[in-house]
Each structure stands twice: as C-alpha cells, then as structure tokens.
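As stored in protein_25.txt (compact mmCIF, C-alpha atoms):
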# COMPACT_ATOMS: atom_id res chain seq x y z
CA MET A 217 148.73 157.53 -36.88
CA LEU A 218 147.91 160.79 -35.17
CA VAL A 219 146.67 162.32 -38.44
CA GLY A 220 144.37 159.31 -38.95
CA LEU A 221 142.92 159.80 -35.48
CA TRP A 222 142.41 163.50 -36.18
CA LEU A 223 140.58 162.63 -39.41
CA ILE A 224 138.32 160.21 -37.53
CA SER A 225 137.74 162.79 -34.77
CA GLY A 226 136.92 165.47 -37.35
CA GLY A 227 134.48 163.08 -38.99
CA VAL A 228 132.88 162.28 -35.61
CA ALA A 229 132.45 166.01 -34.90
CA ALA A 230 130.97 166.66 -38.36
CA GLY A 231 128.60 163.68 -38.09
CA LEU A 232 127.58 164.58 -34.53
CA PHE A 233 126.93 168.29 -35.16
CA GLY A 234 125.35 167.50 -38.52
CA SER A 235 122.81 165.10 -37.03
CA LEU A 236 122.09 167.36 -34.02
CA LEU A 237 121.50 170.41 -36.19
CA GLY A 238 119.89 168.72 -39.19
CA LEU A 239 122.77 169.41 -41.55
CA GLY A 240 124.57 167.06 -43.87
CA GLY A 241 128.21 166.53 -42.98
CA GLY A 242 129.49 168.12 -46.19
CA VAL A 243 129.18 171.70 -45.08
CA LEU A 244 131.59 170.85 -42.25
CA ILE A 245 133.87 168.27 -43.86
CA VAL A 246 135.01 170.36 -46.82
CA PRO A 247 136.24 173.25 -44.61
CA LEU A 248 137.79 170.74 -42.18
CA LEU A 249 139.82 169.03 -44.92
CA THR A 250 140.81 172.21 -46.73
CA LEU A 251 141.44 174.62 -43.86
CA VAL A 252 142.76 172.19 -41.22
CA PHE A 253 144.40 169.44 -43.29
CA ASN A 254 145.28 171.73 -46.20
CA LEU A 255 143.92 169.37 -48.86
CA PRO A 256 142.92 170.69 -52.30
CA LEU A 257 139.25 171.67 -52.49
CA LEU A 258 138.30 169.06 -55.11
CA THR A 259 139.84 166.24 -53.04
CA ALA A 260 137.87 167.50 -50.04
CA VAL A 261 134.67 167.57 -52.11
CA GLY A 262 135.25 163.97 -53.30
CA VAL A 263 135.75 162.77 -49.70
CA SER A 264 132.75 164.79 -48.55
CA LEU A 265 130.49 163.14 -51.15
CA VAL A 266 131.51 159.73 -49.75
CA CYS A 267 130.56 160.95 -46.27
CA VAL A 268 127.20 162.19 -47.57
CA ILE A 269 126.46 158.66 -48.87
CA VAL A 270 127.29 157.22 -45.42
CA THR A 271 124.95 159.68 -43.68
CA SER A 272 122.20 159.08 -46.21
CA GLY A 273 122.44 155.27 -46.13
CA ALA A 274 122.31 155.04 -42.36
CA SER A 275 119.52 157.56 -41.78
CA ALA A 276 117.37 156.98 -44.89
CA GLY A 277 117.26 153.24 -44.16
CA VAL A 278 115.69 153.94 -40.78
CA PHE A 279 113.35 156.62 -42.21
CA LEU A 280 112.09 154.16 -44.84
CA GLU A 281 111.57 151.36 -42.33
CA ARG A 282 109.54 153.76 -40.19
CA HIS A 283 107.65 154.99 -43.29
CA VAL A 284 108.63 158.61 -42.73
CA ALA A 285 110.46 159.05 -46.05
CA ASN A 286 108.33 159.11 -49.21
CA LEU A 287 110.03 156.63 -51.57
CA ARG A 288 108.09 157.52 -54.73
CA LEU A 289 108.45 161.28 -54.26
CA GLY A 290 112.13 160.86 -53.42
CA MET A 291 112.81 158.73 -56.49
CA THR A 292 110.93 161.10 -58.80
CA LEU A 293 112.91 164.10 -57.54
CA GLU A 294 116.24 162.29 -57.34
CA LEU A 295 116.10 161.68 -61.05
CA PHE A 296 116.54 165.45 -61.32
CA THR A 297 119.09 165.78 -58.50
CA ALA A 298 121.17 163.06 -60.22
CA ILE A 299 121.01 164.99 -63.52
CA GLY A 300 122.07 168.11 -61.60
CA ALA A 301 124.94 166.16 -60.01
CA LEU A 302 126.10 165.10 -63.45
CA VAL A 303 126.26 168.77 -64.47
CA GLY A 304 127.80 169.90 -61.16
CA GLY A 305 130.41 167.12 -61.17
CA SER A 306 131.53 168.15 -64.65
CA LEU A 307 131.40 171.86 -63.88
CA ALA A 308 133.62 171.44 -60.81
CA PHE A 309 136.59 170.56 -63.04
CA LEU A 310 136.03 173.52 -65.33
CA LEU A 311 135.87 176.21 -62.64
CA PRO A 312 139.04 177.55 -60.98
CA GLU A 313 139.52 176.43 -57.37
CA LYS A 314 139.30 180.04 -56.24
CA ALA A 315 135.76 180.32 -57.67
CA LEU A 316 134.71 177.13 -55.85
CA GLU A 317 136.12 178.46 -52.58
CA ILE A 318 134.16 181.68 -52.98
CA LEU A 319 131.01 179.66 -53.77
CA PHE A 320 131.62 177.57 -50.66
CA ALA A 321 132.00 180.71 -48.54
CA VAL A 322 128.63 181.91 -49.92
CA LEU A 323 127.09 178.53 -49.08
CA LEU A 324 128.44 178.69 -45.50
CA THR A 325 127.06 182.20 -45.05
CA TYR A 326 123.67 181.17 -46.45
CA THR A 327 123.60 178.11 -44.16
CA SER A 328 124.43 180.20 -41.09
CA ILE A 329 121.70 182.75 -41.93
CA THR A 330 119.19 179.90 -42.44
CA MET A 331 120.16 178.39 -39.08
CA PHE A 332 119.94 181.75 -37.35
CA ARG A 333 116.44 182.33 -38.75
CA ARG A 334 115.38 178.80 -37.83
CA GLY A 335 116.61 179.42 -34.30
CA ARG A 336 114.58 182.62 -34.04
CA ALA A 337 111.49 180.92 -35.47
CA ALA A 338 111.82 178.09 -32.93
CA GLY A 339 112.06 180.62 -30.07
CA GLY A 340 109.12 182.78 -31.03
CA PRO A 341 105.68 182.60 -32.58
CA GLU A 342 106.99 183.16 -36.11
CA GLU A 343 106.73 180.08 -38.32
CA GLU A 344 107.51 179.33 -41.94
CA THR A 345 104.34 179.28 -43.98
CA VAL A 346 103.67 176.62 -46.56
CA VAL A 347 102.32 177.90 -49.86
CA ASP A 348 98.85 176.41 -49.69
CA ASP A 349 96.93 177.70 -52.69
CA GLU A 350 95.33 175.27 -55.14
CA VAL A 351 97.20 174.49 -58.32
CA GLU A 352 95.30 173.88 -61.51
CA GLY A 353 96.15 171.16 -63.98
CA GLU A 354 97.63 168.69 -61.50
CA ASP A 355 98.81 165.47 -63.06
CA GLN A 356 96.71 162.49 -61.96
CA PHE A 357 99.77 160.28 -61.56
CA PHE A 358 101.61 162.64 -59.26
CA ASP A 359 98.44 163.41 -57.35
CA ALA A 360 97.70 159.75 -56.63
CA ASN A 361 101.14 158.26 -56.27
CA LEU A 362 103.48 160.82 -54.78
CA SER A 363 101.20 162.13 -52.05
CA GLY A 364 101.15 160.71 -48.55
CA ALA A 365 98.26 159.59 -46.39
CA ASP A 366 97.76 163.05 -44.87
CA TYR A 367 99.23 165.45 -47.44
CA ARG A 368 99.02 166.13 -51.15
CA VAL A 369 102.09 166.84 -53.25
CA LYS A 370 101.84 169.96 -55.41
CA ARG A 371 103.97 171.76 -58.01
CA VAL A 372 106.06 168.76 -59.05
CA PRO A 373 107.69 170.67 -61.98
CA ALA A 374 108.89 173.38 -59.54
CA GLY A 375 110.20 170.65 -57.26
CA ALA A 376 112.01 169.04 -60.19
CA ALA A 377 113.65 172.37 -61.10
CA GLY A 378 114.75 172.91 -57.49
CA SER A 379 116.11 169.37 -57.42
CA VAL A 380 118.32 169.98 -60.45
CA GLY A 381 119.75 173.01 -58.61
CA ALA A 382 120.29 170.94 -55.45
CA GLY A 383 122.10 168.27 -57.50
CA VAL A 384 124.42 170.83 -59.12
CA VAL A 385 125.33 172.35 -55.75
CA SER A 386 125.80 168.89 -54.20
CA ALA A 387 128.36 167.67 -56.75
CA LEU A 388 130.03 171.06 -57.06
CA LEU A 389 130.58 171.63 -53.34
CA GLY A 390 130.32 168.14 -51.81
CA ILE A 391 127.16 168.66 -49.79
CA GLY A 392 123.92 166.69 -49.45
CA GLY A 393 121.82 169.55 -50.83
CA GLY A 394 119.17 169.33 -48.11
CA ILE A 395 119.50 173.09 -47.63
CA VAL A 396 117.83 173.47 -51.07
CA LYS A 397 115.63 170.35 -51.23
CA VAL A 398 113.94 170.59 -47.83
CA PRO A 399 112.61 174.16 -48.34
CA VAL A 400 111.52 173.29 -51.90
CA MET A 401 109.60 170.19 -50.79
CA HIS A 402 108.16 171.77 -47.66
CA LEU A 403 107.38 175.32 -48.72
CA VAL A 404 106.69 174.86 -52.44
CA MET A 405 105.41 171.29 -52.79
CA GLY A 406 103.39 171.18 -49.56
CA VAL A 407 105.19 168.18 -48.05
CA PRO A 408 105.32 168.13 -44.21
CA LEU A 409 108.72 169.17 -42.82
CA ARG A 410 109.45 165.81 -41.22
CA VAL A 411 108.71 163.94 -44.46
CA SER A 412 110.70 166.51 -46.48
CA THR A 413 113.78 166.05 -44.28
CA ALA A 414 113.55 162.24 -44.38
CA THR A 415 112.95 162.17 -48.15
CA SER A 416 115.83 164.60 -48.72
CA ASN A 417 118.06 162.21 -46.76
CA LEU A 418 117.00 159.36 -49.02
CA MET A 419 117.72 161.39 -52.17
CA MET A 420 121.18 162.44 -50.97
CA GLY A 421 122.58 158.94 -51.46
CA ILE A 422 122.05 158.60 -55.20
CA THR A 423 122.80 162.30 -55.81
CA ALA A 424 126.13 162.06 -54.01
CA ALA A 425 126.86 158.73 -55.74
CA ALA A 426 126.36 160.31 -59.19
CA GLY A 427 128.81 163.08 -58.27
CA ALA A 428 131.24 160.78 -56.45
CA ILE A 429 131.55 158.47 -59.47
CA ILE A 430 132.85 161.41 -61.52
CA TYR A 431 135.33 162.37 -58.77
CA LEU A 432 136.40 158.72 -58.45
CA SER A 433 137.04 158.48 -62.19
CA ARG A 434 139.18 161.60 -61.97
CA GLY A 435 141.26 160.04 -59.16
CA LEU A 436 140.00 162.55 -56.61
CA ILE A 437 138.76 160.15 -53.97
CA ASP A 438 141.70 159.30 -51.75
CA PRO A 439 140.94 156.07 -49.83
CA PHE A 440 143.37 156.95 -47.01
CA VAL A 441 141.55 160.22 -46.30
CA ALA A 442 138.00 159.17 -47.23
CA SER A 443 137.93 156.02 -45.05
CA PRO A 444 138.82 157.50 -41.64
CA THR A 445 136.66 160.56 -42.27
CA ALA A 446 133.63 158.51 -43.39
CA LEU A 447 134.10 156.14 -40.44
CA GLY A 448 134.11 159.13 -38.09
CA VAL A 449 130.99 160.61 -39.70
CA PHE A 450 129.18 157.27 -39.28
CA VAL A 451 130.10 157.09 -35.58
CA GLY A 452 129.28 160.78 -34.98
CA ALA A 453 125.91 160.61 -36.74
CA SER A 454 125.01 157.43 -34.81
CA ILE A 455 125.82 159.14 -31.49
CA GLY A 456 123.97 162.29 -32.57
CA SER A 457 120.77 160.45 -33.41
CA ARG A 458 120.81 158.80 -29.98
CA VAL A 459 121.48 161.92 -27.88
CA ALA A 460 119.57 164.49 -29.97
CA HIS A 461 116.47 164.39 -27.75
CA ARG A 462 118.55 165.05 -24.62
CA ILE A 463 120.37 168.14 -25.90
CA ASP A 464 119.12 171.71 -26.05
CA VAL A 465 120.21 172.63 -29.56
CA ARG A 466 119.46 176.36 -29.16
CA ILE A 467 122.87 177.18 -27.61
CA LEU A 468 124.55 174.74 -29.98
CA ARG A 469 122.89 176.45 -32.93
CA GLY A 470 124.11 179.90 -31.85
CA LEU A 471 127.64 178.59 -31.47
CA PHE A 472 127.40 176.91 -34.82
CA VAL A 473 126.23 180.04 -36.64
CA ALA A 474 129.38 181.76 -35.35
CA ILE A 475 131.59 178.83 -36.43
CA LEU A 476 130.05 178.78 -39.91
CA LEU A 477 130.57 182.53 -40.36
CA TYR A 478 134.17 182.26 -39.16
CA THR A 479 134.74 179.34 -41.56
CA ALA A 480 133.22 181.34 -44.43
CA LEU A 481 135.69 184.13 -43.68
CA GLN A 482 138.60 181.67 -43.61
CA MET A 483 137.46 180.20 -46.93
CA LEU A 484 137.34 183.66 -48.48
CA LEU A 485 140.82 184.45 -47.13
CA ARG A 486 142.07 181.18 -48.66
CA ALA A 487 140.46 182.06 -51.99
CA PHE A 488 142.13 185.47 -52.08
CA SER A 489 145.47 184.43 -50.58
CA MET B 155 98.44 153.93 -65.31
CA THR B 156 100.24 152.62 -62.32
CA ALA B 157 98.55 150.50 -59.71
CA GLY B 158 97.08 147.14 -60.63
CA PRO B 159 94.48 145.19 -58.68
CA HIS B 160 97.14 142.96 -57.08
CA ARG B 161 99.34 145.78 -55.90
CA SER B 162 101.09 144.91 -52.64
CA PRO B 163 101.18 147.47 -49.87
CA PRO B 164 103.92 150.05 -50.66
CA ALA B 165 105.19 149.63 -47.12
CA ASP B 166 106.75 146.28 -48.02
CA LEU B 167 108.98 147.83 -50.65
CA ASP B 168 109.94 150.64 -48.25
CA ARG B 169 110.98 148.10 -45.63
CA THR B 170 112.98 145.99 -48.08
CA ILE B 171 114.85 149.03 -49.38
CA GLY B 172 115.35 150.41 -45.88
CA ARG B 173 116.94 147.12 -44.82
CA LEU B 174 119.11 147.09 -47.92
CA LEU B 175 120.41 150.61 -47.21
CA ILE B 176 121.20 149.83 -43.58
CA ILE B 177 122.94 146.52 -44.36
CA GLY B 178 124.86 147.97 -47.34
CA THR B 179 126.07 150.98 -45.33
CA ASN B 180 127.05 148.86 -42.31
CA VAL B 181 129.01 146.37 -44.43
CA ALA B 182 130.79 149.23 -46.24
CA VAL B 183 131.64 151.01 -42.97
CA LEU B 184 132.92 147.74 -41.46
CA LEU B 185 135.31 147.34 -44.43
CA LEU B 186 136.45 150.97 -44.04
CA ALA B 187 137.01 150.36 -40.31
CA ILE B 188 139.20 147.30 -41.02
CA GLY B 189 141.17 149.40 -43.52
CA CYS B 190 141.63 152.14 -40.90
CA VAL B 191 142.87 149.65 -38.29
CA LEU B 192 145.42 148.34 -40.79
CA LEU B 193 146.41 151.91 -41.63
CA PHE B 194 147.23 152.44 -37.95
CA VAL B 195 148.96 149.04 -37.62
CA TYR B 196 151.29 149.87 -40.54
CA ARG B 197 151.70 153.46 -39.26
CA ILE B 198 150.79 154.99 -42.63
CA ASN B 199 150.21 158.73 -42.79
CA PRO B 200 146.79 159.14 -44.49
CA LEU B 201 147.84 162.49 -45.95
CA ALA B 202 150.70 160.81 -47.83
CA GLY B 203 148.10 159.84 -50.45
CA GLY B 204 146.44 156.48 -51.00
CA PRO B 205 146.83 154.29 -54.11
CA PRO B 206 144.40 154.89 -57.00
CA LEU B 207 141.58 152.44 -57.61
CA GLU B 208 142.75 149.33 -59.43
CA PRO B 209 139.92 146.79 -59.24
CA GLY B 210 142.25 143.92 -60.12
CA LEU B 211 144.38 144.59 -57.03
CA ILE B 212 141.57 144.64 -54.46
CA VAL B 213 141.50 140.88 -53.85
CA TYR B 214 145.30 140.73 -53.76
CA ASP B 215 145.47 143.60 -51.28
CA ILE B 216 142.81 142.06 -49.04
CA SER B 217 144.50 138.66 -49.05
CA HIS B 218 147.75 140.42 -48.07
CA LEU B 219 145.98 142.50 -45.39
CA GLN B 220 146.77 145.79 -47.11
CA PRO B 221 144.54 148.69 -45.98
CA ALA B 222 143.90 149.96 -49.51
CA GLY B 223 142.12 146.70 -50.49
CA PHE B 224 139.62 146.91 -47.63
CA MET B 225 139.17 150.65 -48.10
CA TRP B 226 138.51 150.45 -51.84
CA LEU B 227 136.10 147.54 -51.39
CA GLY B 228 134.31 149.52 -48.66
CA LEU B 229 134.16 152.66 -50.81
CA LEU B 230 132.85 150.70 -53.80
CA ALA B 231 130.26 148.98 -51.60
CA LEU B 232 129.24 152.41 -50.32
CA LEU B 233 128.84 153.83 -53.84
CA ALA B 234 126.98 150.72 -54.96
CA THR B 235 124.46 150.78 -52.09
CA PRO B 236 122.24 153.65 -53.36
CA VAL B 237 122.53 152.34 -56.93
CA LEU B 238 121.44 148.89 -55.75
CA ARG B 239 118.58 150.57 -53.90
CA VAL B 240 117.34 152.05 -57.19
CA ALA B 241 117.75 148.69 -58.98
CA VAL B 242 115.75 146.88 -56.28
CA SER B 243 113.09 149.62 -56.41
CA LEU B 244 112.90 149.17 -60.19
CA ALA B 245 112.32 145.42 -59.75
CA GLY B 246 109.68 146.14 -57.08
CA PHE B 247 107.84 148.68 -59.23
CA ILE B 248 107.86 146.33 -62.25
CA ARG B 249 106.48 143.52 -60.08
CA ARG B 250 103.72 145.82 -58.83
CA GLY B 251 102.92 147.03 -62.35
CA GLU B 252 103.82 150.65 -61.53
CA ARG B 253 104.85 151.66 -65.03
CA THR B 254 105.65 155.34 -64.44
CA MET B 255 107.74 154.67 -61.34
CA SER B 256 109.53 151.86 -63.22
CA ILE B 257 110.47 154.35 -65.93
CA VAL B 258 111.64 156.88 -63.32
CA ALA B 259 113.83 154.23 -61.63
CA ALA B 260 115.24 153.06 -64.99
CA LEU B 261 116.07 156.66 -65.94
CA ILE B 262 117.96 157.16 -62.66
CA LEU B 263 120.08 154.11 -63.52
CA VAL B 264 120.69 155.62 -66.98
CA VAL B 265 121.92 158.86 -65.34
CA ILE B 266 124.26 156.83 -63.08
CA ALA B 267 125.57 154.98 -66.15
CA LEU B 268 126.10 158.35 -67.83
CA SER B 269 128.13 159.59 -64.85
CA ILE B 270 130.41 156.53 -65.21
CA VAL B 271 130.80 157.18 -68.95
CA LEU B 272 131.33 160.92 -68.40
CA GLY B 273 133.86 160.34 -65.62
CA ARG B 274 135.86 157.94 -67.80
CA ALA B 275 135.70 160.23 -70.80
CA GLU B 276 136.99 163.20 -68.80
CA SER B 277 139.74 161.32 -66.94

Could you rewrite the structure in this file as structure tokens?
Amino acid sequence: MLVGLWLISGGVAAGLFGSLLGLGGGVLIVPLLTLVFNLPLLTAVGVSLVCVIVTSGASAGVFLERHVANLRLGMTLELFTAIGALVGGSLAFLLPEKALEILFAVLLTYTSITMFRRGRAAGGPEEETVVDDEVEGEDQFFDANLSGADYRVKRVPAGAAGSVGAGVVSALLGIGGGIVKVPVMHLVMGVPLRVSTATSNLMMGITAAAGAIIYLSRGLIDPFVASPTALGVFVGASIGSRVAHRIDVRILRGLFVAILLYTALQMLLRAFS
Amino acid sequence: MTAGPHRSPPADLDRTIGRLLIIGTNVAVLLLAIGCVLLFVYRINPLAGGPPLEPGLIVYDISHLQPAGFMWLGLLALLATPVLRVAVSLAGFIRRGERTMSIVAALILVVIALSIVLGRAES
C-alpha cells in the first residue's frame, strides 16, 4: 500500500512541477520510476506516455474550449509527430537500455539549460526573437487555414520536419516533446508562444497514444504502476494550474535546474554502472 | 479547396472536441482511481507487476471488483480519447467540406492503425 501511495505522490509532484514550469510530466516520471522505484527504462517510458496523455487531455480540452490552441495547425503537425512516434516506438526496442539512459541524460541536461536560459530571459531585457522574414512560395491552404486571427503560420515544411523529430523523441524517451515543438512553432513558424504551448499540448495526446500503443502491444504498460502514477499526475497538474498564478516560479525554476542536472548525473551513473 | 459557403464557425468544432477531451480524460481517470482504491483495499504491491491486457477478462474483473479490470478499462479509455478526438474532427471537417483537413485527419488515423499493426507484429 505504501508503494502505491509513493507512486501517487510521485505523480502528484511530477504533475504539479510540470504544470508550474511548463514541462510535460515525462521528463520527471521516467527518472522517478527508474532511479527511485528501480523499474526498467522501457517500462518507465510506457507509464510516462500514459501520463503524457492524461496531461494533454486535461489541459488541451481547456485550451480548445478557450480557443487558445490551434486545432488545424495542431492536427497538421501531429500527423508528423505520430509518424515520428511510430519510428521512435520501434527504435526504442532496438537500442540497448544503456543507450536510452544516456539519451535521457542528454535530454535532462538540455531541458535544464533551456530552463536556465528561460529564467535569465524572464529576469532581464533579453527575449527570444521570432524569425520574421517573409517566405516565398507559401501554400494558399496553409496560409488561409492554419493561421490564427492575429498571426500567420510560416514554414510549414520546417515545422513538419521538427514534428517528426519531436515524435521520435517522445516515443523513445516517454516525453510530450513540447521542448522541441514549442520552439519550432514559435521561433520558426511564427506562432505566438501562448498558442504554440497550447497547440503542443493538444498534439501530445495523439503522439503519446501512437507510442503507447506500441509499448502496450509489447506488454510494457503495467496497469498497477501506470494507474497510480497517472492518477497522481492528474491531481498534481490540476493543483498546479490553479495555484500557478500565486507562485513565484523563479526560485522554483532555479531549484529545478539543479534537480534536473543531478538527475542527469544519476542517469549517466546508472547507464555506466 | 477547403471552406464552403455554409462553413460553420471553427469555434464550434473546437468546443466539441475540447469537451470530448475533458470528459474522456475524466472518465478514464475515475476508472483508474477506482482501480487504485481496490489495489489498496486488497493490499497489492504495485511493483509486483500487474496482469497483461486481456480484453476478454475486463468485464469479468470489473464484475468481481478486481483492480486490473478498472485499470485496464481506464487505460484503454485514456488511449482511445485522443484517437476519438481525431475521428470526431474528421467527421467535423467532412461536414464542413474541408477536404484537406479531412485527409490530414484520416491519415492520422491510418498512422494510429499502423502503430497497432506494428505493435502486434513486433510482440
């Protein structure tokens, strides 16, 4: 019983921190299940994909109702993330676990650097610049249908390529892939950050589902581990979305960068142990 | 190519799909929660390993208040929710005469079907 409560608590923490810091739960759940509960990496990835679907379903539903997420853009790009997930889900079973652990350590390091830079940008005048030059030969369909009321979507082929990459990483490492999709949509395709984040959330559901189906078929989704963890993530993310505006995330972000780097080190030690 | 003269406001489809995602996720999480309560009631260690998915046993397990039945139904409902979202979007796009988006939605469903086939072939 105690282990079940720990799984729920871990899920709550992952969901809470994830929603406060704009991360999917996966980057936290996989290390939690492997390093704390000593589960095999692929089992942890399968469980994490389930948690990503929970996070996506709950948040994307609200984003769509409020018309923040761009349904047509999301669906166009998620065709490519789903293809990437198909590749990533298959690749995961071909690579040795050690290689996946090293890849995860790289992902954690990259995420912590991104968060550190975001923290500095939020504290000072420095801001990320959107590539704003005109692109020739825009497709009429994409121009008219994927753009929003106050922005125009550009470079759809580049976005599609980035989405394939996000899908591969998602199914390979059990993450939502927002760390790839949001910069691609915002910086390359010219989509406002808020819309990019909401649309990325929407896309995570079908991307994670495509990967999770492969893990499920391989018997790597354990209902006794996935259920308490996913339940915890749901509760944590719900709390996070309600208290986010009351919390100063700057200190939290600094703490989190340190935790991510420490976790990356632990993952590397596990890989080479 | 896409929008016809009778096209409804896109917002309606967004709202319908948003509702579907929220309801689907809540129902799935409720089933998982019932499974977790039963897991605690029977004092099962989650790390001991749960039973594999056997669709034929889900109804039996639920009728006998076994945690695995509720958990598997919840997990399947969770996996089905985004797929259902794409299917409902496809129906919405067809109704609105949005041919390109209909093709995109249909292709996503093909990729999902491929993942089922691929998963079965590899297992």

Can you tell me, as a ChimeraX atom specification, what residues are no more than 6 Å from Gly427 (chain A) when counting only C-alpha atoms, ignoring any on the same chain fewer than 5 positions away?
/A:301,305,387

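Residues with any atom within 10 Å of Leu237 (chain A), counting all atoms listed in the file and excluding same-chain neighbours fewer than 4 positions away, are A:Gly231, A:Leu232, A:Phe233, A:Met331, A:Gly456, A:Ala460, A:Val465, A:Arg466, A:Leu468, A:Arg469, A:Phe472.
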
Around (138.9, 172.9, -61.0) in the file's frame, which residues reach within 12 Å when counting all atoms listed in the file? Return as a ChimeraX atom specification?
/A:256-259,261,304-317,388-389,431,434,436

With a distance threshold of 6 Å and counting all atoms listed in the file, extract the residues of chain B near chain A and express them as a compact mmCIF listing (two decimals) with C-alpha atoms, keeping the file's coordinate frame.
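This went into part04.txt:
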# COMPACT_ATOMS: atom_id res chain seq x y z
CA ASP B 168 109.94 150.64 -48.25
CA ARG B 169 110.98 148.10 -45.63
CA GLY B 172 115.35 150.41 -45.88
CA LEU B 175 120.41 150.61 -47.21
CA ILE B 176 121.20 149.83 -43.58
CA THR B 179 126.07 150.98 -45.33
CA LEU B 186 136.45 150.97 -44.04
CA PHE B 194 147.23 152.44 -37.95
CA ARG B 197 151.70 153.46 -39.26
CA PRO B 200 146.79 159.14 -44.49
CA GLY B 204 146.44 156.48 -51.00
CA MET B 225 139.17 150.65 -48.10
CA LEU B 233 128.84 153.83 -53.84
CA PRO B 236 122.24 153.65 -53.36
CA ILE B 262 117.96 157.16 -62.66
CA ILE B 266 124.26 156.83 -63.08
CA SER B 269 128.13 159.59 -64.85
CA GLY B 273 133.86 160.34 -65.62
CA ARG B 274 135.86 157.94 -67.80
CA SER B 277 139.74 161.32 -66.94

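Counting from CA of Val242 (chain B), the distance to CA of Leu239 (chain A) is 27.8 Å.
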